[in-house]
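Structure file run31.cif; described as mmCIF, C-alpha atoms.
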data_protein
#
loop_
_atom_site.group_PDB
_atom_site.id
_atom_site.type_symbol
_atom_site.label_atom_id
_atom_site.label_comp_id
_atom_site.auth_asym_id
_atom_site.auth_seq_id
_atom_site.Cartn_x
_atom_site.Cartn_y
_atom_site.Cartn_z
ATOM 1 C CA MET Z 148 89.109 348.248 16.472
ATOM 2 C CA LEU Z 149 87.164 345.050 15.788
ATOM 3 C CA CYS Z 150 84.805 344.927 18.751
ATOM 4 C CA ALA Z 151 84.337 348.566 19.794
ATOM 5 C CA GLY Z 152 84.975 349.744 16.231
ATOM 6 C CA ILE Z 153 82.282 347.721 14.499
ATOM 7 C CA THR Z 154 79.846 348.143 17.391
ATOM 8 C CA THR Z 155 79.927 351.924 16.950
ATOM 9 C CA TYR Z 156 80.636 352.143 13.203
ATOM 10 C CA SER Z 157 77.739 349.938 12.104
ATOM 11 C CA PRO Z 158 74.822 351.926 13.581
ATOM 12 C CA MET Z 159 76.396 355.225 12.539
ATOM 13 C CA ARG Z 160 76.610 354.085 8.936
ATOM 14 C CA HIS Z 161 73.155 352.513 9.080
ATOM 15 C CA TRP Z 162 71.548 355.763 10.314
ATOM 16 C CA GLY Z 163 73.468 357.990 7.894
ATOM 17 C CA VAL Z 164 75.941 359.833 10.105
ATOM 18 C CA THR Z 165 77.750 362.231 7.754
ATOM 19 C CA LYS Z 166 78.876 365.832 7.474
ATOM 20 C CA GLY Z 167 76.099 368.213 8.439
ATOM 21 C CA LYS Z 168 74.561 365.833 11.015
ATOM 22 C CA LYS Z 169 74.596 366.457 14.755
ATOM 23 C CA VAL Z 170 75.634 363.360 16.704
ATOM 24 C CA GLY Z 171 75.646 362.735 20.426
ATOM 25 C CA VAL Z 172 77.759 360.101 22.132
ATOM 26 C CA VAL Z 173 76.608 359.135 25.616
ATOM 27 C CA GLY Z 174 79.525 357.906 27.716
ATOM 28 C CA LEU Z 175 83.240 358.058 27.033
ATOM 29 C CA GLY Z 176 84.363 354.536 27.860
ATOM 30 C CA GLY Z 177 85.637 351.924 25.410
ATOM 31 C CA LEU Z 178 82.665 352.133 23.025
ATOM 32 C CA GLY Z 179 82.157 355.861 23.505
ATOM 33 C CA HIS Z 180 85.682 356.832 22.545
ATOM 34 C CA MET Z 181 85.372 354.893 19.270
ATOM 35 C CA GLY Z 182 81.984 356.501 18.672
ATOM 36 C CA VAL Z 183 83.501 359.964 19.044
ATOM 37 C CA LYS Z 184 86.348 359.110 16.670
ATOM 38 C CA PHE Z 185 84.017 357.756 13.974
ATOM 39 C CA ALA Z 186 81.459 360.584 14.258
ATOM 40 C CA HIS Z 187 84.272 363.126 13.951
ATOM 41 C CA ALA Z 188 85.882 361.242 11.054
ATOM 42 C CA PHE Z 189 82.511 361.173 9.219
ATOM 43 C CA GLY Z 190 82.336 364.967 9.509
ATOM 44 C CA ALA Z 191 79.438 365.166 11.982
ATOM 45 C CA HIS Z 192 79.173 367.826 14.663
ATOM 46 C CA THR Z 193 79.991 365.608 17.644
ATOM 47 C CA VAL Z 194 78.762 366.165 21.194
ATOM 48 C CA VAL Z 195 79.840 363.967 24.109
ATOM 49 C CA PHE Z 196 77.550 363.509 27.113
ATOM 50 C CA THR Z 197 79.346 362.593 30.308
ATOM 51 C CA THR Z 198 78.714 362.682 34.038
ATOM 52 C CA SER Z 199 82.394 363.388 34.692
ATOM 53 C CA PRO Z 200 83.942 366.847 34.159
ATOM 54 C CA ARG Z 201 87.355 365.099 34.168
ATOM 55 C CA LYS Z 202 86.588 363.563 30.765
ATOM 56 C CA LYS Z 203 86.114 366.883 28.937
ATOM 57 C CA ASP Z 204 89.726 367.185 27.731
ATOM 58 C CA ASP Z 205 89.771 363.558 26.562
ATOM 59 C CA ALA Z 206 86.521 364.042 24.628
ATOM 60 C CA LEU Z 207 87.836 367.148 22.878
ATOM 61 C CA ARG Z 208 91.139 365.439 22.060
ATOM 62 C CA LEU Z 209 89.259 362.495 20.481
ATOM 63 C CA GLY Z 210 87.315 364.855 18.208
ATOM 64 C CA ALA Z 211 84.269 366.115 20.111
ATOM 65 C CA ASP Z 212 83.096 369.591 19.170
ATOM 66 C CA GLU Z 213 81.236 369.995 22.470
ATOM 67 C CA VAL Z 214 81.055 368.264 25.840
ATOM 68 C CA VAL Z 215 77.850 368.369 27.902
ATOM 69 C CA LEU Z 216 77.708 367.404 31.563
ATOM 70 C CA SER Z 217 74.587 365.270 31.599
ATOM 71 C CA ARG Z 218 73.870 366.006 35.265
ATOM 72 C CA ASN Z 219 73.539 369.719 34.445
ATOM 73 C CA ALA Z 220 69.876 370.326 33.561
ATOM 74 C CA ASP Z 221 70.611 373.714 31.928
ATOM 75 C CA GLU Z 222 73.265 372.242 29.608
ATOM 76 C CA MET Z 223 70.922 369.386 28.663
ATOM 77 C CA ALA Z 224 67.985 371.757 28.022
ATOM 78 C CA LYS Z 225 70.098 373.799 25.571
ATOM 79 C CA GLN Z 226 70.479 370.659 23.425
ATOM 80 C CA ALA Z 227 66.744 369.777 23.265
ATOM 81 C CA GLY Z 228 65.449 368.678 19.875
ATOM 82 C CA SER Z 229 68.745 369.188 18.063
ATOM 83 C CA PHE Z 230 70.253 365.724 17.424
ATOM 84 C CA ASP Z 231 70.000 363.592 14.305
ATOM 85 C CA PHE Z 232 71.594 360.587 15.990
ATOM 86 C CA ILE Z 233 72.652 359.628 19.511
ATOM 87 C CA LEU Z 234 74.887 356.657 20.257
ATOM 88 C CA ASP Z 235 74.267 355.469 23.812
ATOM 89 C CA ALA Z 236 77.430 353.627 24.856
ATOM 90 C CA VAL Z 237 76.802 353.475 28.604
ATOM 91 C CA ALA Z 238 76.940 350.048 30.214
ATOM 92 C CA ALA Z 239 75.470 351.239 33.527
ATOM 93 C CA GLU Z 240 71.861 351.843 34.473
ATOM 94 C CA HIS Z 241 70.781 355.335 33.364
ATOM 95 C CA ASP Z 242 67.729 357.312 32.251
ATOM 96 C CA ILE Z 243 67.464 357.059 28.481
ATOM 97 C CA ASN Z 244 64.493 359.464 28.477
ATOM 98 C CA ALA Z 245 66.898 362.338 29.159
ATOM 99 C CA TYR Z 246 68.474 361.687 25.754
ATOM 100 C CA ILE Z 247 65.338 360.913 23.751
ATOM 101 C CA SER Z 248 64.147 364.477 24.356
ATOM 102 C CA LEU Z 249 67.321 365.735 22.665
ATOM 103 C CA LEU Z 250 66.434 364.165 19.307
ATOM 104 C CA ARG Z 251 65.000 366.221 16.487
ATOM 105 C CA ARG Z 252 62.046 364.864 14.514
ATOM 106 C CA ASP Z 253 62.965 361.529 12.902
ATOM 107 C CA GLY Z 254 66.147 361.369 14.980
ATOM 108 C CA ASN Z 255 67.506 358.085 16.266
ATOM 109 C CA ILE Z 256 69.057 356.866 19.490
ATOM 110 C CA THR Z 257 70.860 353.537 19.305
ATOM 111 C CA VAL Z 258 71.903 351.701 22.446
ATOM 112 C CA VAL Z 259 75.195 349.822 22.098
ATOM 113 C CA GLY Z 260 76.153 349.662 25.781
ATOM 114 C CA ALA Z 261 74.991 346.561 27.645
ATOM 115 C CA PRO Z 262 73.756 347.484 31.117
ATOM 116 C CA GLU Z 263 73.485 344.650 33.630
ATOM 117 C CA LYS Z 264 69.761 345.395 34.083
ATOM 118 C CA PRO Z 265 67.550 346.285 31.106
ATOM 119 C CA LEU Z 266 66.956 349.999 30.646
ATOM 120 C CA PRO Z 267 63.448 351.110 31.561
ATOM 121 C CA SER Z 268 61.177 351.574 28.560
ATOM 122 C CA PRO Z 269 61.177 355.102 27.190
ATOM 123 C CA SER Z 270 58.434 357.320 28.547
ATOM 124 C CA LEU Z 271 55.240 357.594 26.531
ATOM 125 C CA ALA Z 272 55.613 361.343 26.982
ATOM 126 C CA SER Z 273 58.423 361.121 24.426
ATOM 127 C CA SER Z 274 57.384 361.534 20.825
ATOM 128 C CA TRP Z 275 57.652 358.097 19.227
ATOM 129 C CA ASP Z 276 57.627 359.520 15.725
ATOM 130 C CA ALA Z 277 60.766 361.410 16.686
ATOM 131 C CA ALA Z 278 62.867 358.482 17.816
ATOM 132 C CA ALA Z 279 63.695 354.940 16.930
ATOM 133 C CA TYR Z 280 65.070 352.911 19.830
ATOM 134 C CA PRO Z 281 67.039 349.974 18.447
ATOM 135 C CA VAL Z 282 69.607 347.935 20.276
ATOM 136 C CA HIS Z 283 72.254 347.244 17.660
ATOM 137 C CA PRO Z 284 73.167 343.611 16.863
ATOM 138 C CA SER Z 285 76.628 342.286 16.107
ATOM 139 C CA ALA Z 286 78.035 342.829 12.639
ATOM 140 C CA ALA Z 287 78.681 340.646 9.635
ATOM 141 C CA SER Z 288 82.077 340.263 7.973
ATOM 142 C CA LEU Z 289 81.205 342.740 5.179
ATOM 143 C CA LYS Z 290 80.541 345.412 7.804
ATOM 144 C CA LEU Z 291 83.848 344.570 9.490
ATOM 145 C CA ARG Z 292 85.630 345.049 6.179
ATOM 146 C CA ARG Z 293 83.850 348.383 5.594
ATOM 147 C CA CYS Z 294 84.662 349.486 9.146
ATOM 148 C CA SER Z 295 88.360 348.730 8.680
ATOM 149 C CA THR Z 296 88.446 350.400 5.262
ATOM 150 C CA SER Z 297 86.689 353.474 6.637
ATOM 151 C CA ALA Z 298 89.105 353.708 9.560
ATOM 152 C CA VAL Z 299 92.050 353.620 7.169
ATOM 153 C CA SER Z 300 90.566 356.023 4.606
ATOM 154 C CA THR Z 301 89.646 358.623 7.243
ATOM 155 C CA THR Z 302 92.998 358.116 8.997
ATOM 156 C CA LEU Z 303 91.213 357.342 12.259
ATOM 157 C CA PRO Z 304 93.940 357.792 14.882
ATOM 158 C CA PRO Z 305 94.737 354.882 17.184
ATOM 159 C CA THR Z 306 94.463 355.223 20.931
ATOM 160 C CA LEU Z 307 97.508 353.736 22.574
ATOM 161 C CA ARG Z 308 97.729 352.891 26.225
ATOM 162 C CA SER Z 309 100.644 351.425 28.064
ATOM 163 C CA SER Z 310 100.107 349.202 31.037
ATOM 164 C CA PRO Z 311 102.276 346.873 33.062
ATOM 165 C CA SER Z 312 102.760 343.503 31.458
ATOM 166 C CA ARG Z 313 100.692 340.723 32.966
ATOM 167 C CA ARG Z 314 101.611 337.190 32.133
ATOM 168 C CA SER Z 315 98.949 334.535 32.229
ATOM 169 C CA THR Z 316 98.910 330.956 31.117
ATOM 170 C CA LYS Z 317 95.113 330.901 31.045
ATOM 171 C CA PRO Z 318 93.328 331.909 27.838
ATOM 172 C CA THR Z 319 90.973 334.889 28.103
ATOM 173 C CA SER Z 320 87.260 334.216 27.909
ATOM 174 C CA GLY Z 321 86.145 333.258 24.438
ATOM 175 C CA CYS Z 322 89.604 332.151 23.345
ATOM 176 C CA SER Z 323 90.529 328.579 22.684
ATOM 177 C CA SER Z 324 93.703 327.211 24.240
ATOM 178 C CA ARG Z 325 94.305 325.387 20.928
ATOM 179 C CA MET Z 326 94.927 328.592 18.956
#
Would it be possible to restate this file's structure as structure tokens?
Amino acid sequence: MLCAGITTYSPMRHWGVTKGKKVGVVGLGGLGHMGVKFAHAFGAHTVVFTTSPRKKDDALRLGADEVVLSRNADEMAKQAGSFDFILDAVAAEHDINAYISLLRRDGNITVVGAPEKPLPSPSLASSWDAAAYPVHPSAASLKLRRCSTSAVSTTLPPTLRSSPSRRSTKPTSGCSSRM
């Protein structure tokens, strides 16, 4: 909840994701699944963009109203100019221009995924008055508190995964061994 939760919650709240808004979530990995849950919990019409048909059922279960296969030009064209907000949660190199064209006037796309290489600059053919292109920074403690409160008040369901236990005596990156 803390890392993926605040990373997706913060830009959605900042850009006014609420009931009546149409929100796209690009990618259904760790950040994307939290983005879908929050957009759904805030009452937005939520559309997931994925390259994998196998993820359709997962996206719908998490709260997506629609799933679009981003490699299908016809499906993408049907969505043109209809989004208020798009959360780009993909950490791999991809063409962001394909999503900018889906924004309505004054729409916003926020990149929260961290690709290894910087994304190419959006095409000048895109309408700059139709899209802001921020990369969202980390959040302050007040935003973390609001994120947690919002998750509780909207009864955001947890995603539980079981995996084999792995024992390690080494701390994970970023953790102090003096904890």
Å distance separating atom CA of Thr193 of chain Z from atom CA of Lys169 of chain Z, one decimal place:
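Answer for the atom CA of Thr193 of chain Z to atom CA of Lys169 of chain Z separation: 6.2 Å.
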Near-Gly176 of chain Z list (12 Å; all atoms listed in the file; drop same-chain fewer than 2 positions) as an NGL selection string:
:Z and (151 or 172-174 or 178-183 or 195-199 or 202 or 205-206 or 209 or 235-239 or 259-260)
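Coordinates place atom CA of Thr257 of chain Z at a distance of 9.3 Å from atom CA of Trp162 of chain Z.
Closest to Leu250 of chain Z among Z:Gly171, Z:Pro265, Z:Pro200, Z:Phe185 is Z:Gly171, based on all atoms listed in the file.
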Ranking Z:His192, Z:Lys168, Z:Arg218, Z:His187 by minimum distance to Tyr156 of chain Z and counting only C-alpha atoms, which one comes first?
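Looking only at the distances to Tyr156 of chain Z, the closest residue turns out to be Z:His187.
The gap separating atom CA of Asn255 of chain Z from atom CA of Asp221 of chain Z is 22.3 Å, in Å to one decimal.
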Evaluating the PyMOL selection byres ((chain Z and resi 227) around 10) on the displayed file yields which residues, as a PyMOL selection string?
chain Z and resi 222-226+228-230+245-251
Please provide the set of residues having any atom within 8 Å of Gly190 of chain Z, restricted to only C-alpha atoms, with same-chain residues fewer than 4 positions apart removed, written as number ranges by chain.
Z: 165-168, 186
Just checking: using all atoms listed in the file, which residue out of Z:Ile243, Z:Asp231, Z:Val170, Z:Ser157 ends up closest to Ala211 of chain Z?
Z:Val170
Would you mind putting N, CA and C atoms back on segment 250-267 of chain Z and writing the result as a PDB file, in the coordinates of the input?
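As written to disk, rebuild_30.pdb reads:
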ATOM      1  N   LEU Z 250      66.513 364.481  20.737  1.00  0.00           N
ATOM      2  CA  LEU Z 250      66.434 364.165  19.307  1.00  0.00           C
ATOM      3  C   LEU Z 250      65.517 365.127  18.570  1.00  0.00           C
ATOM      4  N   ARG Z 251      65.907 365.450  17.335  1.00  0.00           N
ATOM      5  CA  ARG Z 251      65.000 366.221  16.487  1.00  0.00           C
ATOM      6  C   ARG Z 251      64.013 365.244  15.857  1.00  0.00           C
ATOM      7  N   ARG Z 252      63.044 365.721  15.163  1.00  0.00           N
ATOM      8  CA  ARG Z 252      62.046 364.864  14.514  1.00  0.00           C
ATOM      9  C   ARG Z 252      62.756 363.878  13.593  1.00  0.00           C
ATOM     10  N   ASP Z 253      62.378 362.628  13.673  1.00  0.00           N
ATOM     11  CA  ASP Z 253      62.965 361.529  12.902  1.00  0.00           C
ATOM     12  C   ASP Z 253      64.409 361.225  13.299  1.00  0.00           C
ATOM     13  N   GLY Z 254      64.823 361.704  14.469  1.00  0.00           N
ATOM     14  CA  GLY Z 254      66.147 361.369  14.980  1.00  0.00           C
ATOM     15  C   GLY Z 254      66.168 359.945  15.497  1.00  0.00           C
ATOM     16  N   ASN Z 255      67.346 359.467  15.817  1.00  0.00           N
ATOM     17  CA  ASN Z 255      67.506 358.085  16.266  1.00  0.00           C
ATOM     18  C   ASN Z 255      68.467 358.025  17.436  1.00  0.00           C
ATOM     19  N   ILE Z 256      68.125 357.202  18.423  1.00  0.00           N
ATOM     20  CA  ILE Z 256      69.057 356.866  19.490  1.00  0.00           C
ATOM     21  C   ILE Z 256      69.267 355.361  19.411  1.00  0.00           C
ATOM     22  N   THR Z 257      70.521 354.958  19.366  1.00  0.00           N
ATOM     23  CA  THR Z 257      70.860 353.537  19.305  1.00  0.00           C
ATOM     24  C   THR Z 257      71.676 353.183  20.536  1.00  0.00           C
ATOM     25  N   VAL Z 258      71.231 352.152  21.232  1.00  0.00           N
ATOM     26  CA  VAL Z 258      71.903 351.701  22.446  1.00  0.00           C
ATOM     27  C   VAL Z 258      72.899 350.599  22.077  1.00  0.00           C
ATOM     28  N   VAL Z 259      74.175 350.836  22.350  1.00  0.00           N
ATOM     29  CA  VAL Z 259      75.195 349.822  22.098  1.00  0.00           C
ATOM     30  C   VAL Z 259      75.844 349.343  23.388  1.00  0.00           C
ATOM     31  N   GLY Z 260      75.676 350.101  24.474  1.00  0.00           N
ATOM     32  CA  GLY Z 260      76.153 349.662  25.781  1.00  0.00           C
ATOM     33  C   GLY Z 260      75.260 348.532  26.265  1.00  0.00           C
ATOM     34  N   ALA Z 261      75.759 347.707  27.154  1.00  0.00           N
ATOM     35  CA  ALA Z 261      74.991 346.561  27.645  1.00  0.00           C
ATOM     36  C   ALA Z 261      74.880 346.619  29.162  1.00  0.00           C
ATOM     37  N   PRO Z 262      73.923 347.410  29.669  1.00  0.00           N
ATOM     38  CA  PRO Z 262      73.756 347.484  31.117  1.00  0.00           C
ATOM     39  C   PRO Z 262      73.391 346.124  31.708  1.00  0.00           C
ATOM     40  N   GLU Z 263      73.776 345.911  32.958  1.00  0.00           N
ATOM     41  CA  GLU Z 263      73.485 344.650  33.630  1.00  0.00           C
ATOM     42  C   GLU Z 263      71.977 344.408  33.713  1.00  0.00           C
ATOM     43  N   LYS Z 264      71.219 345.471  34.052  1.00  0.00           N
ATOM     44  CA  LYS Z 264      69.761 345.395  34.083  1.00  0.00           C
ATOM     45  C   LYS Z 264      69.228 346.089  32.830  1.00  0.00           C
ATOM     46  N   PRO Z 265      68.121 345.605  32.277  1.00  0.00           N
ATOM     47  CA  PRO Z 265      67.550 346.285  31.106  1.00  0.00           C
ATOM     48  C   PRO Z 265      67.183 347.724  31.441  1.00  0.00           C
ATOM     49  N   LEU Z 266      67.365 348.608  30.452  1.00  0.00           N
ATOM     50  CA  LEU Z 266      66.956 349.999  30.646  1.00  0.00           C
ATOM     51  C   LEU Z 266      65.438 350.058  30.715  1.00  0.00           C
ATOM     52  N   PRO Z 267      64.901 350.968  31.532  1.00  0.00           N
ATOM     53  CA  PRO Z 267      63.448 351.110  31.561  1.00  0.00           C
ATOM     54  C   PRO Z 267      62.958 351.573  30.190  1.00  0.00           C
TER      55      PRO Z 267
END
